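See below for the structure under consideration.
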Amino acid sequence: RVAARQKQASSFMAIPQVWGMTKHPAIIESNSISNCLYASGCSKPQAVHIWDLQREVCTDRITGIDHNILKIFSSSEGQPNLLVGCESGSVLYYDLRDPRHYISWSEPYEKRLVGMAMVNNDMQIVAGYANGRIKVFDIRAGLLSKLKDFEGHDSVKSRMTSFAAHRCGTIFATASTHSVKVWNSEGQLLSTARPHGNFLPRSGSVDVLAFHPTRHLLSAGGSDSATSVYCSYG
């Protein structure tokens, strides 16, 4: 079987560059249902550029953010909702149908934000932090009201290194240097994998998690150049 040759279909500069300014990592999030791309970072770490991928046109910008952006998450069903995670540990929630965009935010937190996602039909937000804490917020009232705040990983023995959510919106996963855990949208632990156990042991930490888009399979990668695949309900 001959592998198909990949060809570049298009390219464009999603984030304007300002020479001489401090560069930050690029933060990119795309949504195949809405055909939108959200970009931040580089010389514009406190703004989000919204692109129409079909027309390759920047249709809007979100500005006025006080802290550098670390994470962006778009609604799983193509709804015009967007999450922005900041260096301050706060999570900003936007409704892109509103000309003002801005809806609500969570309080700043002293630990680094590892990841965030919308769950339960985009009615709740889950956020994971480097000290192992997991927070669940409700957005149905138009405000981010905290429902739960619990320890997902022991902050003394290990820190949270990665976070991922399934697009079905019912499960999410977190990883530390010692374990990979899968949770349901209510914050209940479903399963735990030990990457450093006797079966297919890893030599490095798990730094990246990703779910299969339609199946309950979870892949984990890290500094040891190995990738493990787990059944997320196993």
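Ordering of the structure tokens sets the chain letters (A, B, ...), residue numbers begin anew at 1 in every chain, and ligands are numbered from 1 in the order given.
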Would you list the contacts of A:Ala175 as JSON, numbers by chain, taking every protein, DNA or RNA residue within 8 Å and counting only C-alpha atoms, but skipping same-chain residues closer than 3 positions in sequence? {"A": [160, 161, 162, 163, 178, 179, 180, 181, 206, 207, 209]}
Please produce a file of those selected residues containing C-alpha atoms, as a PDB file, in the first residue's frame.
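As written to disk, selection_21.pdb reads:
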ATOM      1  CA  MET A 160      -1.491  17.546  37.488  1.00  0.00           C
ATOM      2  CA  THR A 161       0.309  17.596  34.152  1.00  0.00           C
ATOM      3  CA  SER A 162      -2.449  17.260  31.553  1.00  0.00           C
ATOM      4  CA  PHE A 163      -6.205  17.569  31.034  1.00  0.00           C
ATOM      5  CA  HIS A 178       1.934   8.738  38.587  1.00  0.00           C
ATOM      6  CA  SER A 179      -1.548   8.156  37.198  1.00  0.00           C
ATOM      7  CA  VAL A 180      -4.147   8.846  34.511  1.00  0.00           C
ATOM      8  CA  LYS A 181      -7.706   9.266  35.802  1.00  0.00           C
ATOM      9  CA  VAL A 206       2.349  11.956  30.974  1.00  0.00           C
ATOM     10  CA  ASP A 207       2.259  15.430  29.467  1.00  0.00           C
ATOM     11  CA  LEU A 209      -3.898  13.470  26.794  1.00  0.00           C
TER      12      LEU A 209
END
Within 9 Å of stretch 76-85 of chain A, which residues of stretch 26-64 of chain A come that close, and what is the closest atom pair and distance in Å for each? Count only C-alpha atoms and give it as a tab-separated table.
residue	atom	partner	partner_atom	distance
A:Asn31	CA	A:Gly78	CA	6.7
A:Ser32	CA	A:Gly78	CA	7.8
A:Ile33	CA	A:Gly78	CA	5.1
A:Ser34	CA	A:Gly78	CA	5.0
A:Asn35	CA	A:Gly78	CA	8.4
A:Cys36	CA	A:Gly78	CA	8.9
A:Val48	CA	A:Val84	CA	8.7
Selected residues written out with N, CA, C and O atoms, as a short mmCIF file (atom, residue, chain, number, x, y, z; two decimals), in the first residue's frame:
data_model
loop_
_atom_site.label_atom_id
_atom_site.label_comp_id
_atom_site.auth_asym_id
_atom_site.auth_seq_id
_atom_site.Cartn_x
_atom_site.Cartn_y
_atom_site.Cartn_z
N ASN A 31 -12.86 24.54 15.49
CA ASN A 31 -14.13 23.85 15.62
C ASN A 31 -14.62 23.48 14.22
O ASN A 31 -14.93 24.38 13.43
N SER A 32 -14.64 22.18 13.92
CA SER A 32 -14.99 21.74 12.57
C SER A 32 -16.46 21.94 12.25
O SER A 32 -16.84 22.04 11.08
N ILE A 33 -17.31 22.02 13.28
CA ILE A 33 -18.74 22.20 13.03
C ILE A 33 -19.04 23.65 12.62
O ILE A 33 -19.77 23.91 11.67
N SER A 34 -18.48 24.59 13.34
CA SER A 34 -18.71 26.00 13.02
C SER A 34 -17.72 26.55 12.01
O SER A 34 -17.86 27.68 11.55
N ASN A 35 -16.68 25.73 11.66
CA ASN A 35 -15.64 26.17 10.72
C ASN A 35 -14.95 27.44 11.19
O ASN A 35 -14.63 28.33 10.40
N CYS A 36 -14.72 27.51 12.50
CA CYS A 36 -14.03 28.65 13.08
C CYS A 36 -12.71 28.24 13.69
O CYS A 36 -12.54 27.10 14.14
N VAL A 48 -7.99 37.32 21.53
CA VAL A 48 -8.36 36.14 20.75
C VAL A 48 -8.83 36.60 19.38
O VAL A 48 -9.72 37.46 19.27
#
Nearest to A:Leu144 among A:Ser90, A:Ser176, A:Asn121, A:Gln17, with distances taken over only C-alpha atoms: which residue is it?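 Looking only at the distances to A:Leu144, the closest residue turns out to be A:Ser90.
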Taking into account only C-alpha atoms, which residue in the set A:Ser43, A:Ser155, A:Thr59, A:Asn120 is nearest to A:Glu186?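 Using only C-alpha atoms, A:Glu186 sits closest to A:Asn120.
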